$ cat model_38.txt   # compact mmCIF, C-alpha atoms
# COMPACT_ATOMS: atom_id res chain seq x y z
CA MET A 644 122.58 100.40 122.59
CA ALA A 645 122.69 103.36 124.96
CA ALA A 646 122.47 102.73 128.70
CA PHE A 647 119.47 103.72 130.79
CA ARG A 648 121.42 106.50 132.50
CA GLU A 649 122.36 108.02 129.15
CA HIS A 650 118.75 108.01 128.00
CA VAL A 651 117.71 109.74 131.21
CA SER A 652 120.42 112.39 130.80
CA VAL A 653 119.63 113.16 127.15
CA SER A 654 115.85 113.24 127.61
CA GLY A 655 116.27 115.37 130.73
CA LEU A 656 118.29 117.98 128.83
CA LEU A 657 115.80 117.87 125.97
CA GLY A 658 112.96 118.34 128.43
CA LEU A 659 114.66 121.38 129.90
CA GLY A 660 115.16 122.90 126.45
CA TYR A 661 111.65 122.03 125.30
CA GLY A 662 110.03 123.53 128.37
CA LEU A 663 112.07 126.74 128.27
CA GLY A 664 111.76 127.12 124.52
CA THR A 665 107.99 126.71 124.38
CA SER A 666 107.36 129.06 127.27
CA LEU A 667 109.83 131.78 126.19
CA LEU A 668 109.38 131.63 122.42
CA LEU A 669 105.89 130.26 121.78
CA GLY A 670 103.95 132.09 124.47
CA PHE A 671 102.94 129.18 126.69
CA THR A 672 102.82 129.75 130.43
CA PRO A 673 105.80 128.69 132.57
CA VAL A 674 103.65 126.00 134.20
CA GLN A 675 102.67 124.58 130.82
CA GLY A 676 106.28 124.70 129.65
CA ALA A 677 107.49 122.97 132.82
CA LEU A 678 104.92 120.19 132.48
CA ALA A 679 105.69 119.73 128.78
CA GLY A 680 109.40 119.55 129.59
CA TRP A 681 108.77 116.96 132.29
CA LEU A 682 106.72 114.83 129.89
CA THR A 683 109.56 115.08 127.37
CA ALA A 684 112.04 113.80 129.95
CA VAL A 685 109.79 110.90 130.97
CA ALA A 686 108.98 109.96 127.37
CA GLY A 687 112.67 109.49 126.69
CA MET A 688 112.51 106.35 128.83
CA LEU A 689 109.22 104.91 127.52
CA PRO A 690 110.67 102.62 124.80
CA ASP A 691 112.49 100.67 127.51
CA LEU A 692 109.19 99.49 128.99
CA ASP A 693 109.73 96.26 127.04
CA SER A 694 113.16 95.72 128.57
CA ASN A 695 113.79 92.76 130.87
CA LYS A 696 116.08 94.77 133.14
CA GLY A 697 114.50 94.79 136.58
CA ARG A 698 114.90 98.07 138.43
CA PRO A 699 114.67 100.60 135.53
CA VAL A 700 111.51 98.93 134.24
CA ARG A 701 109.91 98.91 137.69
CA GLU A 702 110.72 102.60 138.07
CA LEU A 703 109.27 103.37 134.64
CA PHE A 704 106.01 101.60 135.36
CA GLY A 705 105.89 103.26 138.77
CA ILE A 706 106.20 106.72 137.19
CA LEU A 707 103.70 105.86 134.45
CA ALA A 708 101.20 104.47 136.95
CA ALA A 709 101.48 107.58 139.12
CA VAL A 710 101.22 110.15 136.31
CA ALA A 711 98.85 108.65 133.74
CA PRO A 712 95.79 108.39 136.05
CA LEU A 713 96.13 112.06 137.03
CA LEU A 714 96.13 113.10 133.37
CA ILE A 715 93.27 110.91 132.14
CA VAL A 716 90.94 110.62 135.15
CA GLY A 717 88.79 113.47 133.86
CA ARG A 718 88.47 111.85 130.45
CA VAL A 719 87.60 108.49 131.98
CA LEU A 720 84.85 110.08 134.06
CA ALA A 721 83.43 111.76 130.97
CA TRP A 722 83.61 108.64 128.80
CA THR A 723 82.05 106.33 131.40
CA GLY A 724 79.49 108.77 132.78
CA MET A 725 80.58 108.10 136.37
CA ARG A 726 79.84 110.62 139.11
CA ASN A 727 82.49 113.30 139.53
CA ASP A 728 82.73 113.24 143.32
CA THR A 729 85.71 112.84 145.63
CA GLU A 730 85.13 109.18 146.49
CA THR A 731 84.66 108.10 142.86
CA VAL A 732 87.77 109.95 141.72
CA MET A 733 89.89 108.44 144.50
CA ILE A 734 88.72 104.90 143.80
CA LEU A 735 89.24 105.39 140.08
CA LEU A 736 92.79 106.69 140.63
CA VAL A 737 93.65 103.66 142.76
CA VAL A 738 92.18 101.23 140.23
CA MET A 739 94.05 102.84 137.33
CA TYR A 740 97.30 102.92 139.32
CA LEU A 741 97.08 99.20 140.12
CA GLY A 742 96.02 98.37 136.58
CA ILE A 743 99.01 100.15 135.05
CA ARG A 744 101.57 99.29 137.72
CA TYR A 745 100.84 95.57 137.77
CA GLY A 746 98.34 94.65 135.05
CA LEU A 747 99.95 96.55 132.17
CA ALA A 748 103.44 95.66 133.40
CA TRP A 749 102.50 91.97 133.32
CA LEU A 750 101.03 92.22 129.83
CA VAL A 751 104.10 93.99 128.46
CA SER A 752 106.54 91.56 130.06
CA THR A 753 104.53 88.57 128.83
CA PHE A 754 103.73 89.50 125.24
CA SER A 755 106.50 91.90 124.18
CA VAL A 756 110.11 91.43 123.21
CA HIS A 757 112.90 93.93 123.68
CA ARG A 758 113.54 96.10 120.62
CA GLY A 759 110.16 95.06 119.23
CA MET A 760 107.46 97.51 118.18
CA PHE A 761 107.99 99.56 121.35
CA HIS A 762 111.10 100.81 119.57
CA SER A 763 109.42 102.19 116.45
CA ILE A 764 107.98 105.31 114.87
CA PRO A 765 104.38 104.01 115.19
CA ALA A 766 104.91 103.51 118.93
CA MET A 767 106.17 107.08 119.20
CA LEU A 768 103.03 108.35 117.46
CA ILE A 769 100.80 106.22 119.68
CA ALA A 770 102.41 107.64 122.83
CA ALA A 771 101.97 111.20 121.53
CA GLU A 772 98.34 110.63 120.52
CA ILE A 773 97.45 109.06 123.85
CA THR A 774 98.90 112.14 125.53
CA TYR A 775 96.89 114.43 123.27
CA LEU A 776 93.62 112.59 123.87
CA GLY A 777 94.16 112.15 127.58
CA TYR A 778 95.45 115.58 128.52
CA PRO A 779 92.72 117.48 130.42
CA SER A 780 92.53 120.69 128.41
CA GLU A 781 90.05 122.18 125.97
CA LEU A 782 92.82 124.02 124.08
CA THR A 783 94.14 122.13 121.08
CA THR A 784 97.42 124.08 121.19
CA VAL A 785 98.14 123.00 124.76
CA LYS A 786 97.32 119.38 123.98
CA LEU A 787 99.62 119.50 120.95
CA LEU A 788 102.33 121.01 123.16
CA MET A 789 102.19 118.05 125.54
CA ALA A 790 101.94 115.48 122.75
CA GLY A 791 104.87 117.11 120.95
CA GLY A 792 107.01 116.86 124.07
CA VAL A 793 106.26 113.15 124.37
CA ALA A 794 107.14 112.63 120.71
CA VAL A 795 110.44 114.54 121.10
CA GLY A 796 111.46 112.59 124.17
CA PHE A 797 110.43 109.25 122.67
CA PHE A 798 112.31 109.93 119.44
CA SER A 799 115.45 110.90 121.34
CA HIS A 800 115.54 107.38 122.78
CA LEU A 801 115.21 105.78 119.35
CA LEU A 802 117.84 108.06 117.83
CA LEU A 803 120.31 107.46 120.66
CA ASP A 804 119.94 103.69 120.31
CA GLU A 805 120.62 103.90 116.59
CA MET A 806 123.66 106.11 117.15
CA TYR A 807 125.10 103.58 119.59
CA SER A 808 124.62 100.79 117.03
CA VAL A 809 127.27 102.40 114.80
CA GLN A 810 130.94 102.03 115.72
CA LEU A 811 133.73 104.12 114.24
CA ASN A 812 137.13 102.43 114.04
CA GLY A 813 139.39 104.95 112.42
CA VAL A 814 137.97 105.49 108.96
CA ARG A 815 135.97 102.27 109.05
CA VAL A 816 132.31 102.20 110.01
CA ARG A 817 130.94 99.06 111.66
CA PHE A 818 127.25 98.39 112.24
CA LYS A 819 126.16 96.27 115.18
CA LYS A 820 123.40 93.67 114.92
CA SER A 821 121.07 96.10 116.69
CA TRP A 822 121.37 98.66 113.88
CA GLY A 823 117.98 99.44 112.35
CA THR A 824 115.95 97.95 115.21
CA ALA A 825 115.04 101.25 116.90
CA ILE A 826 113.96 103.74 114.24
CA LYS A 827 111.71 101.48 112.19
CA LEU A 828 108.20 101.36 110.79
CA VAL A 829 107.60 97.60 111.07
CA GLY A 830 109.01 94.77 113.11
CA GLU A 831 109.87 91.19 112.23
CA ARG A 832 106.63 89.66 113.57
CA MET A 833 103.32 90.15 111.79
CA GLY A 834 101.09 90.01 114.88
CA PRO A 835 102.63 92.97 116.74
CA ASN A 836 102.72 94.97 113.50
CA VAL A 837 99.00 94.48 112.91
CA ILE A 838 98.10 95.32 116.51
CA THR A 839 100.34 98.40 116.56
CA TYR A 840 98.96 99.85 113.35
CA ALA A 841 95.37 99.07 114.36
CA ILE A 842 95.91 101.05 117.58
CA LEU A 843 97.64 103.83 115.66
CA LEU A 844 94.84 104.20 113.10
CA THR A 845 92.17 104.20 115.81
CA LEU A 846 93.95 106.85 117.87
CA THR A 847 94.69 108.93 114.79
CA TYR A 848 91.01 108.99 113.86
CA ALA A 849 90.07 109.91 117.45
CA MET A 850 92.69 112.68 117.53
CA LEU A 851 91.61 114.18 114.21
CA SER A 852 87.98 114.06 115.33
CA ASP A 853 88.85 115.74 118.62
CA ALA A 854 90.72 118.48 116.74
CA GLY A 855 87.70 119.05 114.49
CA LEU A 856 89.50 117.99 111.31
CA ILE A 857 87.16 115.04 110.78
CA ARG A 858 83.44 115.42 111.34
CA PRO A 859 80.91 112.62 110.87
CA LYS A 860 78.27 113.34 108.28
CA THR A 861 74.81 113.78 109.80
CA PRO A 862 71.62 114.07 107.76
CA ASP A 863 70.08 117.56 107.58
CA PRO A 864 66.54 117.36 109.05
CA THR A 865 65.51 120.45 107.05
CA ALA A 866 66.54 118.97 103.71
CA PRO A 867 63.62 118.00 101.42
CA LEU A 868 62.98 114.34 100.86
CA PRO A 869 63.97 112.99 97.42
CA GLN A 870 61.08 112.98 94.96
CA ALA A 871 60.28 109.99 92.81
CA ASP A 872 60.47 110.38 89.06
CA ALA A 873 57.09 110.99 87.40
CA GLY A 874 57.66 108.26 84.85
CA GLN A 875 58.41 105.79 87.60
CA ASP A 876 55.19 106.75 89.41
CA MET A 877 53.14 106.13 86.25
CA GLY A 878 54.85 102.81 85.80
CA VAL A 879 53.86 101.79 89.29
CA LEU A 880 50.21 102.80 88.72
CA ARG A 881 50.05 100.68 85.62
$ encode --input "model_38.txt" --output "structure tokens"
Amino acid sequence: MAAFREHVSVSGLLGLGYGLGTSLLLGFTPVQGALAGWLTAVAGMLPDLDSNKGRPVRELFGILAAVAPLLIVGRVLAWTGMRNDTETVMILLVVMYLGIRYGLAWLVSTFSVHRGMFHSIPAMLIAAEITYLGYPSELTTVKLLMAGGVAVGFFSHLLLDEMYSVQLNGVRVRFKKSWGTAIKLVGERMGPNVITYAILLTLTYAMLSDAGLIRPKTPDPTAPLPQADAGQDMGVLR
């Protein structure tokens, strides 16, 4: 398993490349590219939220608690119908910070295990979809840019862990016990698998609806009402 410092270094370099590449080659603004690159670098550390190592985990939750409220506060105001004034926004930011920094950290440390479903492809998709849904932009391309950066950074962590689970001894290849525990679709426990996929399906539906790919069917008020069959009407009169 790769060390925390190695994950930070790899995701940082990926973030630099992602930010420069998207702004120079895909036409995004330098500010958008810089933010996407920063999200890529941070996402490379997200799978270690379930780790029991003290300081790195505290730093991760500190970063997440500081950044996530800034990205989703607008969405929360819209979803809840709260007033968009300075006092409400400030209180909401404080509440979300404390909820993530301490409440979410407690939940993760209590109910998760290291190398569980946090280290998986579904978890990577969940992180990307949360970014897409929470990012405060009306442009689908920009939201996909940010979500893609999170997915790239997250996957780099999984890939690096798998690479470190393989040892080369001359011409012999030896697999550690941790091999196959990072890049996976399901874990060993049924409960976390069900919860993870339930969250993934819900977020996927919300993301596709937000992108306009899924639209709920609504009845057309101008459509004529269905007419009863004449034979049926005569049968009723009899």
$ residues_around --input "model_38.txt" --residues "Tyr775 in chain A" --least-positions-apart "5" --cutoff "10 Å" --atoms "all atoms listed in the file" --output "ChimeraX atom specification"
/A:769-770,780,783-791,793,846,850,853-854
$ closest_residue --input "model_38.txt" --among "A:Ala677, A:Leu692, A:Met733, A:Ile857" --to "Val751 in chain A" --atoms "all atoms listed in the file"
A:Leu692
$ closest_atom_pairs --input "model_38.txt" --of "range 676-785 of chain A" --to "range 646-661 of chain A" --cutoff "7 Å" --atoms "only C-alpha atoms" --output "Markdown table"
| residue | atom | partner | partner_atom | distance |
| --- | --- | --- | --- | --- |
| A:Gly680 | CA | A:Gly658 | CA | 3.9 |
| A:Trp681 | CA | A:Gly658 | CA | 5.9 |
| A:Thr683 | CA | A:Gly658 | CA | 4.8 |
| A:Ala684 | CA | A:Ser654 | CA | 4.5 |
| A:Gly687 | CA | A:Ser654 | CA | 5.0 |
| A:Met688 | CA | A:His650 | CA | 6.5 |
$ write_last_selection --input "model_38.txt" --atoms "C-alpha atoms" --output "PDB file, in the frame of the given file"
ATOM      1  CA  GLY A 680     109.400 119.550 129.590  1.00  0.00           C
ATOM      2  CA  TRP A 681     108.770 116.960 132.290  1.00  0.00           C
ATOM      3  CA  THR A 683     109.560 115.080 127.370  1.00  0.00           C
ATOM      4  CA  ALA A 684     112.040 113.800 129.950  1.00  0.00           C
ATOM      5  CA  GLY A 687     112.670 109.490 126.690  1.00  0.00           C
ATOM      6  CA  MET A 688     112.510 106.350 128.830  1.00  0.00           C
TER       7      MET A 688
END
$ atom_distance --input "model_38.txt" --atom1 "CA of Tyr840 in chain A" --atom2 "CA of Ile764 in chain A"
10.7 Å
$ atom_distance --input "model_38.txt" --atom1 "CA of Ile773 in chain A" --atom2 "CA of Leu678 in chain A"
15.9 Å
$ closest_residue --input "model_38.txt" --among "A:Tyr807, A:Trp749, A:Tyr848, A:Tyr778" --to "Val710 in chain A" --atoms "all atoms listed in the file"
A:Tyr778
$ atom_distance --input "model_38.txt" --atom1 "CA of Thr774 in chain A" --atom2 "CA of Ala711 in chain A"
8.9 Å
$ closest_residue --input "model_38.txt" --among "A:Gly670, A:Gly717, A:Pro835, A:Pro765" --to "Phe798 in chain A" --atoms "only C-alpha atoms"
A:Pro765
$ closest_residue --input "model_38.txt" --among "A:Ala766, A:Gly855, A:Leu803, A:Ala794" --to "Ile842 in chain A" --atoms "all atoms listed in the file"
A:Ala766
$ residues_near_point --input "model_38.txt" --point "(108.9, 126.6, 129.3)" --cutoff "8 Å" --atoms "only C-alpha atoms" --output "MDAnalysis selection string"
chainID A and resid 659:667 671:677 679:680
$ closest_residue --input "model_38.txt" --among "A:Leu844, A:Ala709, A:Met833, A:Val716" --to "Leu741 in chain A" --atoms "only C-alpha atoms"
A:Ala709
$ closest_residue --input "model_38.txt" --among "A:Ile826, A:Thr845, A:Arg744, A:Leu720" --to "Glu702 in chain A" --atoms "all atoms listed in the file"
A:Arg744
